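Shown here: protein_39.cif, mmCIF, N, CA and C atoms and all ligand atoms.
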```cif
data_final
loop_
_atom_site.label_atom_id
_atom_site.label_comp_id
_atom_site.auth_asym_id
_atom_site.auth_seq_id
_atom_site.Cartn_x
_atom_site.Cartn_y
_atom_site.Cartn_z
N MET G 274 -3.82 -41.63 23.08
CA MET G 274 -4.43 -41.60 24.42
C MET G 274 -5.65 -40.68 24.42
N ARG G 275 -6.73 -41.13 25.00
CA ARG G 275 -7.98 -40.38 24.99
C ARG G 275 -8.14 -39.62 26.30
N LYS G 276 -8.46 -38.37 26.18
CA LYS G 276 -8.69 -37.59 27.39
C LYS G 276 -10.11 -37.82 27.89
N MET G 277 -10.26 -37.80 29.17
CA MET G 277 -11.58 -38.05 29.73
C MET G 277 -12.50 -36.85 29.57
N SER G 278 -11.94 -35.68 29.71
CA SER G 278 -12.78 -34.48 29.60
C SER G 278 -12.22 -33.55 28.54
N GLY G 279 -13.10 -32.86 27.87
CA GLY G 279 -12.66 -31.92 26.84
C GLY G 279 -12.38 -32.66 25.56
N ARG G 280 -12.57 -31.95 24.46
CA ARG G 280 -12.33 -32.56 23.15
C ARG G 280 -11.28 -31.73 22.47
N THR G 281 -10.35 -32.40 21.86
CA THR G 281 -9.31 -31.69 21.14
C THR G 281 -9.42 -31.97 19.65
N CYS G 282 -8.79 -31.09 18.89
CA CYS G 282 -8.78 -31.19 17.44
C CYS G 282 -8.26 -32.56 17.01
N SER G 283 -8.89 -33.10 15.98
CA SER G 283 -8.51 -34.44 15.54
C SER G 283 -7.35 -34.42 14.54
N ARG G 284 -6.95 -33.22 14.12
CA ARG G 284 -5.85 -33.14 13.17
C ARG G 284 -4.54 -33.53 13.85
N ALA G 285 -3.70 -34.22 13.11
CA ALA G 285 -2.43 -34.69 13.64
C ALA G 285 -1.63 -33.53 14.21
N SER G 286 -1.06 -33.74 15.35
CA SER G 286 -0.18 -32.79 16.02
C SER G 286 -0.86 -31.50 16.44
N CYS G 287 -2.18 -31.47 16.40
CA CYS G 287 -2.90 -30.29 16.87
C CYS G 287 -3.52 -30.63 18.22
N THR G 288 -3.27 -29.78 19.20
CA THR G 288 -3.77 -30.06 20.55
C THR G 288 -4.77 -29.02 21.01
N LYS G 289 -5.24 -28.19 20.07
CA LYS G 289 -6.19 -27.15 20.45
C LYS G 289 -7.56 -27.75 20.75
N ALA G 290 -8.33 -27.02 21.51
CA ALA G 290 -9.68 -27.48 21.86
C ALA G 290 -10.57 -27.49 20.63
N ALA G 291 -11.33 -28.54 20.49
CA ALA G 291 -12.24 -28.65 19.35
C ALA G 291 -13.46 -27.78 19.59
N ILE G 292 -13.90 -27.06 18.55
CA ILE G 292 -15.11 -26.23 18.67
C ILE G 292 -16.13 -26.60 17.60
N LYS G 293 -15.71 -27.38 16.63
CA LYS G 293 -16.62 -27.78 15.55
C LYS G 293 -16.46 -29.27 15.31
N THR G 294 -17.49 -29.83 14.74
CA THR G 294 -17.40 -31.23 14.33
C THR G 294 -17.63 -31.32 12.84
N LEU G 295 -16.71 -31.97 12.18
CA LEU G 295 -16.80 -32.17 10.74
C LEU G 295 -17.33 -33.58 10.50
N THR G 296 -18.37 -33.67 9.69
CA THR G 296 -18.94 -34.97 9.38
C THR G 296 -18.90 -35.18 7.87
N TYR G 297 -18.31 -36.27 7.47
CA TYR G 297 -18.27 -36.60 6.05
C TYR G 297 -19.49 -37.43 5.68
N VAL G 298 -20.25 -36.91 4.72
CA VAL G 298 -21.38 -37.67 4.21
C VAL G 298 -20.96 -38.20 2.84
N TYR G 299 -20.41 -39.39 2.86
CA TYR G 299 -19.80 -39.93 1.65
C TYR G 299 -20.81 -40.10 0.51
N SER G 300 -22.04 -40.47 0.85
CA SER G 300 -23.04 -40.72 -0.19
C SER G 300 -23.38 -39.45 -0.96
N ASP G 301 -23.23 -38.28 -0.30
CA ASP G 301 -23.56 -37.01 -0.95
C ASP G 301 -22.32 -36.20 -1.32
N SER G 302 -21.14 -36.76 -1.11
CA SER G 302 -19.90 -36.02 -1.33
C SER G 302 -19.95 -34.67 -0.64
N THR G 303 -20.37 -34.69 0.58
CA THR G 303 -20.56 -33.45 1.33
C THR G 303 -19.86 -33.54 2.68
N ALA G 304 -19.22 -32.45 3.05
CA ALA G 304 -18.64 -32.34 4.37
C ALA G 304 -19.46 -31.32 5.16
N VAL G 305 -19.98 -31.74 6.28
CA VAL G 305 -20.82 -30.86 7.08
C VAL G 305 -20.02 -30.41 8.29
N LEU G 306 -19.85 -29.10 8.38
CA LEU G 306 -19.13 -28.54 9.51
C LEU G 306 -20.14 -27.88 10.43
N GLY G 307 -20.32 -28.45 11.58
CA GLY G 307 -21.35 -27.94 12.48
C GLY G 307 -20.83 -27.81 13.91
N PRO G 308 -21.72 -27.45 14.78
CA PRO G 308 -21.36 -27.34 16.19
C PRO G 308 -20.81 -28.66 16.70
N LEU G 309 -20.00 -28.58 17.71
CA LEU G 309 -19.37 -29.76 18.28
C LEU G 309 -20.42 -30.83 18.61
N ALA G 310 -20.22 -31.99 18.05
CA ALA G 310 -21.17 -33.08 18.28
C ALA G 310 -21.09 -33.54 19.73
N THR G 311 -22.22 -33.97 20.23
CA THR G 311 -22.25 -34.38 21.64
C THR G 311 -21.59 -35.73 21.85
N TYR G 312 -21.57 -36.53 20.82
CA TYR G 312 -20.88 -37.81 20.95
C TYR G 312 -20.14 -38.13 19.66
N ALA G 313 -19.13 -38.94 19.77
CA ALA G 313 -18.28 -39.23 18.63
C ALA G 313 -18.89 -40.31 17.75
N GLU G 314 -18.82 -40.08 16.45
CA GLU G 314 -19.28 -41.07 15.49
C GLU G 314 -18.13 -41.39 14.55
N PRO G 315 -18.22 -42.51 13.86
CA PRO G 315 -17.09 -42.96 13.03
C PRO G 315 -16.62 -41.93 12.01
N HIS G 316 -17.57 -41.19 11.42
CA HIS G 316 -17.18 -40.25 10.36
C HIS G 316 -17.12 -38.82 10.87
N ASN G 317 -17.06 -38.66 12.16
CA ASN G 317 -16.97 -37.33 12.74
C ASN G 317 -15.52 -36.99 13.08
N TYR G 318 -15.16 -35.76 12.81
CA TYR G 318 -13.83 -35.28 13.16
C TYR G 318 -13.97 -33.97 13.89
N ASP G 319 -13.47 -33.92 15.08
CA ASP G 319 -13.51 -32.67 15.83
C ASP G 319 -12.41 -31.75 15.35
N LEU G 320 -12.75 -30.48 15.17
CA LEU G 320 -11.77 -29.53 14.68
C LEU G 320 -11.71 -28.29 15.57
N CYS G 321 -10.51 -27.75 15.71
CA CYS G 321 -10.35 -26.50 16.44
C CYS G 321 -10.75 -25.34 15.51
N ALA G 322 -10.75 -24.13 16.03
CA ALA G 322 -11.17 -22.97 15.25
C ALA G 322 -10.31 -22.81 13.99
N ALA G 323 -9.01 -22.92 14.17
CA ALA G 323 -8.09 -22.70 13.04
C ALA G 323 -8.30 -23.75 11.95
N HIS G 324 -8.44 -25.00 12.35
CA HIS G 324 -8.59 -26.04 11.35
C HIS G 324 -9.97 -26.04 10.71
N SER G 325 -11.00 -25.60 11.43
CA SER G 325 -12.31 -25.52 10.79
C SER G 325 -12.34 -24.37 9.79
N GLU G 326 -11.56 -23.33 10.06
CA GLU G 326 -11.45 -22.22 9.11
C GLU G 326 -10.73 -22.66 7.83
N ARG G 327 -9.71 -23.45 8.01
CA ARG G 327 -8.87 -23.85 6.88
C ARG G 327 -9.31 -25.17 6.28
N LEU G 328 -10.54 -25.52 6.54
CA LEU G 328 -11.07 -26.79 6.06
C LEU G 328 -10.97 -26.92 4.54
N THR G 329 -10.44 -28.03 4.10
CA THR G 329 -10.43 -28.31 2.67
C THR G 329 -11.07 -29.67 2.45
N VAL G 330 -11.76 -29.81 1.34
CA VAL G 330 -12.42 -31.07 1.04
C VAL G 330 -11.95 -31.56 -0.33
N PRO G 331 -12.11 -32.84 -0.60
CA PRO G 331 -11.68 -33.37 -1.90
C PRO G 331 -12.41 -32.67 -3.04
N VAL G 332 -11.78 -32.64 -4.21
CA VAL G 332 -12.38 -32.03 -5.39
C VAL G 332 -13.74 -32.66 -5.67
N GLY G 333 -14.71 -31.81 -5.95
CA GLY G 333 -16.05 -32.31 -6.26
C GLY G 333 -16.94 -32.39 -5.03
N TRP G 334 -16.34 -32.19 -3.86
CA TRP G 334 -17.12 -32.21 -2.63
C TRP G 334 -17.59 -30.80 -2.31
N GLN G 335 -18.70 -30.74 -1.58
CA GLN G 335 -19.15 -29.45 -1.11
C GLN G 335 -19.11 -29.42 0.41
N VAL G 336 -19.03 -28.21 0.92
CA VAL G 336 -18.98 -28.02 2.36
C VAL G 336 -20.24 -27.31 2.81
N ILE G 337 -20.89 -27.83 3.79
CA ILE G 337 -22.04 -27.16 4.38
C ILE G 337 -21.65 -26.74 5.79
N LYS G 338 -21.76 -25.45 6.04
CA LYS G 338 -21.41 -24.97 7.38
C LYS G 338 -22.67 -24.68 8.16
N GLN G 339 -22.83 -25.39 9.22
CA GLN G 339 -23.98 -25.18 10.09
C GLN G 339 -23.57 -24.27 11.22
N GLU G 340 -24.29 -23.17 11.32
CA GLU G 340 -24.00 -22.26 12.41
C GLU G 340 -24.84 -22.65 13.62
N PRO G 341 -24.25 -22.55 14.79
CA PRO G 341 -25.05 -22.82 15.99
C PRO G 341 -26.20 -21.84 16.10
N THR G 342 -27.32 -22.30 16.63
CA THR G 342 -28.50 -21.44 16.67
C THR G 342 -28.32 -20.25 17.61
N SER G 343 -27.56 -20.44 18.65
CA SER G 343 -27.33 -19.31 19.55
C SER G 343 -25.86 -19.24 19.92
N GLU G 344 -25.28 -18.08 19.70
CA GLU G 344 -23.88 -17.87 20.00
C GLU G 344 -23.78 -16.68 20.95
N PRO G 345 -23.64 -16.93 22.23
CA PRO G 345 -23.70 -15.85 23.20
C PRO G 345 -22.50 -14.90 23.16
N THR G 346 -21.36 -15.36 22.67
CA THR G 346 -20.17 -14.51 22.72
C THR G 346 -19.82 -13.96 21.34
N GLY G 347 -19.33 -12.74 21.33
CA GLY G 347 -18.82 -12.14 20.11
C GLY G 347 -19.92 -11.67 19.19
N PRO G 348 -19.53 -10.95 18.13
CA PRO G 348 -20.51 -10.47 17.16
C PRO G 348 -21.11 -11.65 16.40
N SER G 349 -22.36 -11.53 16.07
CA SER G 349 -23.03 -12.62 15.35
C SER G 349 -22.63 -12.59 13.89
N GLU G 350 -22.97 -13.65 13.20
CA GLU G 350 -22.69 -13.73 11.77
C GLU G 350 -23.37 -12.57 11.04
N ASP G 351 -24.58 -12.24 11.48
CA ASP G 351 -25.32 -11.14 10.88
C ASP G 351 -24.58 -9.82 11.03
N ASP G 352 -24.04 -9.60 12.23
CA ASP G 352 -23.30 -8.37 12.48
C ASP G 352 -22.10 -8.29 11.54
N LEU G 353 -21.38 -9.39 11.45
CA LEU G 353 -20.20 -9.41 10.59
C LEU G 353 -20.57 -9.18 9.13
N MET G 354 -21.68 -9.79 8.72
CA MET G 354 -22.14 -9.60 7.35
C MET G 354 -22.52 -8.15 7.10
N ALA G 355 -23.19 -7.54 8.08
CA ALA G 355 -23.60 -6.15 7.95
C ALA G 355 -22.38 -5.25 7.81
N ILE G 356 -21.36 -5.51 8.61
CA ILE G 356 -20.14 -4.72 8.53
C ILE G 356 -19.47 -4.92 7.18
N ALA G 357 -19.37 -6.17 6.76
CA ALA G 357 -18.73 -6.48 5.48
C ALA G 357 -19.48 -5.81 4.33
N ASN G 358 -20.81 -5.86 4.39
CA ASN G 358 -21.62 -5.24 3.34
C ASN G 358 -21.44 -3.73 3.32
N ALA G 359 -21.40 -3.13 4.49
CA ALA G 359 -21.23 -1.69 4.59
C ALA G 359 -19.90 -1.26 3.98
N VAL G 360 -18.86 -2.00 4.32
CA VAL G 360 -17.54 -1.70 3.79
C VAL G 360 -17.53 -1.85 2.28
N ARG G 361 -18.14 -2.93 1.80
CA ARG G 361 -18.17 -3.20 0.37
C ARG G 361 -18.95 -2.09 -0.36
N GLU G 362 -20.05 -1.65 0.25
CA GLU G 362 -20.88 -0.63 -0.36
C GLU G 362 -20.08 0.67 -0.55
N VAL G 363 -19.37 1.06 0.47
CA VAL G 363 -18.56 2.27 0.41
C VAL G 363 -17.50 2.12 -0.67
N ALA G 364 -16.83 0.99 -0.69
CA ALA G 364 -15.78 0.74 -1.67
C ALA G 364 -16.36 0.77 -3.08
N ASN G 365 -17.51 0.14 -3.27
CA ASN G 365 -18.15 0.10 -4.58
C ASN G 365 -18.56 1.50 -5.03
N ALA G 366 -19.16 2.26 -4.13
CA ALA G 366 -19.60 3.61 -4.46
C ALA G 366 -18.41 4.45 -4.88
N ASP G 367 -17.33 4.30 -4.16
CA ASP G 367 -16.11 5.03 -4.45
C ASP G 367 -15.60 4.66 -5.83
N LEU G 368 -15.52 3.37 -6.10
CA LEU G 368 -15.04 2.88 -7.39
C LEU G 368 -15.93 3.37 -8.52
N LYS G 369 -17.23 3.29 -8.30
CA LYS G 369 -18.19 3.67 -9.33
C LYS G 369 -18.03 5.15 -9.67
N GLU G 370 -17.89 5.95 -8.66
CA GLU G 370 -17.75 7.39 -8.85
C GLU G 370 -16.51 7.69 -9.69
N LYS G 371 -15.42 7.03 -9.36
CA LYS G 371 -14.17 7.26 -10.08
C LYS G 371 -14.27 6.76 -11.51
N ALA G 372 -14.92 5.59 -11.67
CA ALA G 372 -15.03 5.00 -13.01
C ALA G 372 -15.90 5.85 -13.91
N MET G 373 -17.01 6.36 -13.36
CA MET G 373 -17.96 7.11 -14.15
C MET G 373 -17.45 8.51 -14.48
N SER G 374 -16.81 9.12 -13.54
CA SER G 374 -16.34 10.48 -13.76
C SER G 374 -15.08 10.74 -12.95
N PRO G 375 -13.95 10.61 -13.58
CA PRO G 375 -12.68 10.83 -12.86
C PRO G 375 -12.61 12.25 -12.29
N GLU G 376 -13.15 13.20 -13.06
CA GLU G 376 -13.15 14.59 -12.61
C GLU G 376 -13.88 14.74 -11.28
N LEU G 377 -15.11 14.22 -11.30
CA LEU G 377 -15.96 14.30 -10.12
C LEU G 377 -15.31 13.59 -8.95
N GLY G 378 -14.73 12.44 -9.27
CA GLY G 378 -14.08 11.65 -8.22
C GLY G 378 -12.97 12.44 -7.57
N ARG G 379 -12.20 13.15 -8.39
CA ARG G 379 -11.07 13.91 -7.87
C ARG G 379 -11.58 15.07 -7.00
N ARG G 380 -12.60 15.75 -7.54
CA ARG G 380 -13.14 16.88 -6.79
C ARG G 380 -13.74 16.40 -5.47
N GLY G 381 -14.40 15.24 -5.56
CA GLY G 381 -15.00 14.67 -4.36
C GLY G 381 -13.93 14.42 -3.32
N HIS G 382 -12.79 14.00 -3.81
CA HIS G 382 -11.68 13.70 -2.91
C HIS G 382 -11.20 14.96 -2.22
N LEU G 383 -11.06 16.04 -3.00
CA LEU G 383 -10.59 17.31 -2.45
C LEU G 383 -11.57 17.85 -1.42
N ARG G 384 -12.85 17.70 -1.78
CA ARG G 384 -13.89 18.21 -0.88
C ARG G 384 -13.82 17.48 0.46
N ALA G 385 -13.35 16.25 0.41
CA ALA G 385 -13.33 15.44 1.62
C ALA G 385 -12.18 15.83 2.56
N LEU G 386 -11.25 16.63 2.02
CA LEU G 386 -10.12 17.02 2.86
C LEU G 386 -10.56 17.98 3.97
N PRO G 387 -9.95 17.87 5.12
CA PRO G 387 -10.31 18.81 6.21
C PRO G 387 -9.99 20.24 5.81
N SER G 388 -10.81 21.20 6.22
CA SER G 388 -10.68 22.56 5.75
C SER G 388 -9.66 23.38 6.55
N ASN G 389 -9.22 22.89 7.66
CA ASN G 389 -8.28 23.70 8.46
C ASN G 389 -6.85 23.54 8.01
ZN ZN R 1 -6.60 -28.05 14.98
#
```
Would you write the structure of this file as structure tokens?
Amino acid sequence: MRKMSGRTCSRASCTKAAIKTLTYVYSDSTAVLGPLATYAEPHNYDLCAAHSERLTVPVGWQVIKQEPTSEPTGPSEDDLMAIANAVREVANADLKEKAMSPELGRRGHLRALPSN
């Protein structure tokens, strides 16, 4: 049964609201995951957030994720990348310090302890 308003995930037994549209480009062995399409096409599949995250494609296929040009809600992809990079940088610096000089790493650790 087709609902008149709103789009739901096309995955079996999933009733969540669709937020992305997956398009299979068979000639290029590519699955394009982009913003919700304005109209339904034969090779389009609407997906909810969870299913677009867990998207899997056949072996040998590639996935292209198209981000919407403007996303008014939540942190942007850039923000998330910046946070991820910052965390990675700290982790890498920490690892490098320990790998290069265990002594220094240990002392650095002690120095970091609160003095009270
Ligand atoms: Zn779903």
Atom-to-atom span, CA of Cys282 in chain G and CA of Tyr318 in chain G, Å: 7.8 Å
Go ahead and find all residues with at least one atom no further than 6.5 Å from (-21.2, -29.0, -0.9) in the file's coordinates, using all atoms listed in the file; report them as a PDB file with N, CA and C atoms, in the coordinates of the input.
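Writing the result to part-v4.pdb gives the following:
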```pdb
ATOM      1  N   SER G 302     -21.140 -36.760  -1.110  1.00  0.00           N
ATOM      2  CA  SER G 302     -19.900 -36.020  -1.330  1.00  0.00           C
ATOM      3  C   SER G 302     -19.950 -34.670  -0.640  1.00  0.00           C
ATOM      4  N   THR G 303     -20.370 -34.690   0.580  1.00  0.00           N
ATOM      5  CA  THR G 303     -20.560 -33.450   1.330  1.00  0.00           C
ATOM      6  C   THR G 303     -19.860 -33.540   2.680  1.00  0.00           C
ATOM      7  N   ALA G 304     -19.220 -32.450   3.050  1.00  0.00           N
ATOM      8  CA  ALA G 304     -18.640 -32.340   4.370  1.00  0.00           C
ATOM      9  C   ALA G 304     -19.460 -31.320   5.160  1.00  0.00           C
ATOM     10  N   TRP G 334     -16.340 -32.190  -3.860  1.00  0.00           N
ATOM     11  CA  TRP G 334     -17.120 -32.210  -2.630  1.00  0.00           C
ATOM     12  C   TRP G 334     -17.590 -30.800  -2.310  1.00  0.00           C
ATOM     13  N   GLN G 335     -18.700 -30.740  -1.580  1.00  0.00           N
ATOM     14  CA  GLN G 335     -19.150 -29.450  -1.110  1.00  0.00           C
ATOM     15  C   GLN G 335     -19.110 -29.420   0.410  1.00  0.00           C
ATOM     16  N   VAL G 336     -19.030 -28.210   0.920  1.00  0.00           N
ATOM     17  CA  VAL G 336     -18.980 -28.020   2.360  1.00  0.00           C
ATOM     18  C   VAL G 336     -20.240 -27.310   2.810  1.00  0.00           C
ATOM     19  N   ILE G 337     -20.890 -27.830   3.790  1.00  0.00           N
ATOM     20  CA  ILE G 337     -22.040 -27.160   4.380  1.00  0.00           C
ATOM     21  C   ILE G 337     -21.650 -26.740   5.790  1.00  0.00           C
TER      22      ILE G 337
END
```
Distance in Å - CA of His316 in chain G versus CA of Thr294 in chain G: 9.9 Å
Nearest residue to ligand ZN 1 (chain R) from the set G:Val298, G:Ile292, G:Leu309, G:Cys321 (distances using only N, CA and C atoms and all ligand atoms): G:Cys321
Proximity check chain G to ligand ZN 1 (chain R), 6.5 Å, nearest pairs one decimal Å, all atoms listed in the file, as JSON lines:
```
{"residue": "G:Cys282", "atom": "CA", "partner": "R:ZN1", "partner_atom": "ZN", "distance": 4.5}
{"residue": "G:Ser283", "atom": "N", "partner": "R:ZN1", "partner_atom": "ZN", "distance": 5.6}
{"residue": "G:Arg284", "atom": "N", "partner": "R:ZN1", "partner_atom": "ZN", "distance": 5.3}
{"residue": "G:Cys287", "atom": "CA", "partner": "R:ZN1", "partner_atom": "ZN", "distance": 4.7}
{"residue": "G:Thr288", "atom": "N", "partner": "R:ZN1", "partner_atom": "ZN", "distance": 5.6}
{"residue": "G:Lys289", "atom": "N", "partner": "R:ZN1", "partner_atom": "ZN", "distance": 5.3}
{"residue": "G:Leu320", "atom": "C", "partner": "R:ZN1", "partner_atom": "ZN", "distance": 5.1}
{"residue": "G:Cys321", "atom": "N", "partner": "R:ZN1", "partner_atom": "ZN", "distance": 4.0}
{"residue": "G:Ala322", "atom": "N", "partner": "R:ZN1", "partner_atom": "ZN", "distance": 5.8}
{"residue": "G:Ala323", "atom": "C", "partner": "R:ZN1", "partner_atom": "ZN", "distance": 5.5}
{"residue": "G:His324", "atom": "N", "partner": "R:ZN1", "partner_atom": "ZN", "distance": 4.4}
{"residue": "G:Ser325", "atom": "N", "partner": "R:ZN1", "partner_atom": "ZN", "distance": 6.2}
```
Pairwise distance for atom C of Leu306 in chain G and atom C of Lys293 in chain G, rounded to one decimal in Å: 6.3 Å
